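Participant: I'd like to ask some things about the structure below.
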Amino acid sequence: MKFFVDTAEIDQIKELNDLGMVDGVTTNPSLIAKSGRDILEVTKEICDIVAGPVSAEVVATEADAMLVEGRKLAKIADNIAVKVPLTWAGLKTCKTLSDEGTMVNVTLCFSANQALLAAKAGATFISPFIGRLDDLNMDGLELIEDIRTIYDNYGYETQILAASIRSANHMSECAKIGADVATAPASVIKAMANHVLTDKGLAAFLADADKAGIKIV
Ligand code: G3P
């Protein structure tokens with residue numbers, strides 16, 4: 001499973017990228033606003049750091065205007081994936097941009113039917129939002145499973161990009177289901193390293209090393 005980091009914070013991207021933990025980046029208008037940076041500038045900077053796809057989202061709602069924005073975003077770098085919302089206008093924009101050879105990430109997906117439409121519109125990525133479904137007592141991971149089944153039934157090449165990931169557990173569950181990509185905040189990716197038994201075991205090893213006076217350098 002590929003890891004995308006869901007942020008527009010340059011320091012976080014650099015740190016994970018240096019460790020080989022970043023196969024791509026996703027941003028959205030809320031994350032860009034949080035960074036306090038200009039969207040074109042910060043997106044270009046991210047594209048220069050990360051070799052994989054960098055999603056940048058349109059803010060227009062009509063297809064014609066989305067297309068103008070999408071084409072402008074696509075010009076930032078070769079690794080841009082234009083992010084469009086899963087609306088009828090977004091699907092139209094997806095089809096046109098995909099036909100032009102631009103990667104498209106269709107976002108705000110909350111149902112298997114929406115994911116089916118995105119695949120037919122030629123989306124490179126579909127972004128089902130796990131956490132926001134879980135917040136409503138619905139099952140975000142079940143949606144990932146349903147989309148996996150549907151795409152595999154028909155050989156759709158659209159990649160499932162599990163989004164709105166809130167916990168390390170979501171990451172392993174997505175990998176078990178076979179999501180192609182999971183995008184998560186840097187804090188969640190880092191939390192995947194944590195285990196209470198690792199901490200406990202390390203404390204015991206260090207106490208023994210201290211008692212025995214073990215020194216390596
Ligand atoms: O970028 C989309 C997504 O990952 C948003 O996550 O936590 O705002 O639901 P969240």
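Naming works like this for the structure tokens: A, B, ... for the chains as they're shown, residue 1 at the start of each chain, ligands 1 onward in shown order.
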List the neighbours of A:Asp23 out to 7 Å using only C-alpha atoms; skip same-chain residues closer than 2 positions along the sequence, and give me the result as a ChimeraX atom specification.
Facilitator: /A:2-4,21,52
Participant: Could you list the protein, DNA and RNA residues that have any atom within 8 Å of ligand 1, counting only C-alpha atoms and all ligand atoms, and write them as a VMD selection string?
Facilitator: chain A and resid 6 to 7 26 to 28 30 to 31 107 to 108 127 129 to 132 162 to 166 183 to 185
Participant: What separation in Å, quoted to one decimal, exists between atom CA of A:Lys14 and atom CA of A:Ala186?
Facilitator: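 Going from atom CA of A:Lys14 over to atom CA of A:Ala186 covers 10.6 Å.
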Participant: Do you know which residues are at most 10 Å from stretch 112-126 of chain A counting only C-alpha atoms, after dropping those on the same chain fewer than 4 positions away, and could you put them as a PyMOL selection string?
Facilitator: chain A and resi 55+81-84+86-88+90-99+102-108+142-151+156-163+180-181
Participant: Measure the distance from atom CA of A:Ala56 to atom CA of A:Val68 in Å and round it to one decimal.
Facilitator: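 For atom CA of A:Ala56 relative to atom CA of A:Val68, the distance reads 13.5 Å.
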Participant: Excluding A:Ile46 and any residue of its chain fewer than 5 positions from it, enumerate the residues within 9 Å of it, using only C-alpha atoms, and give them as a list in words.
Facilitator: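 The filter keeps Ala8, Glu9, Ile10, Ile13, Lys14, Val25, Glu41 and Val54 of chain A.
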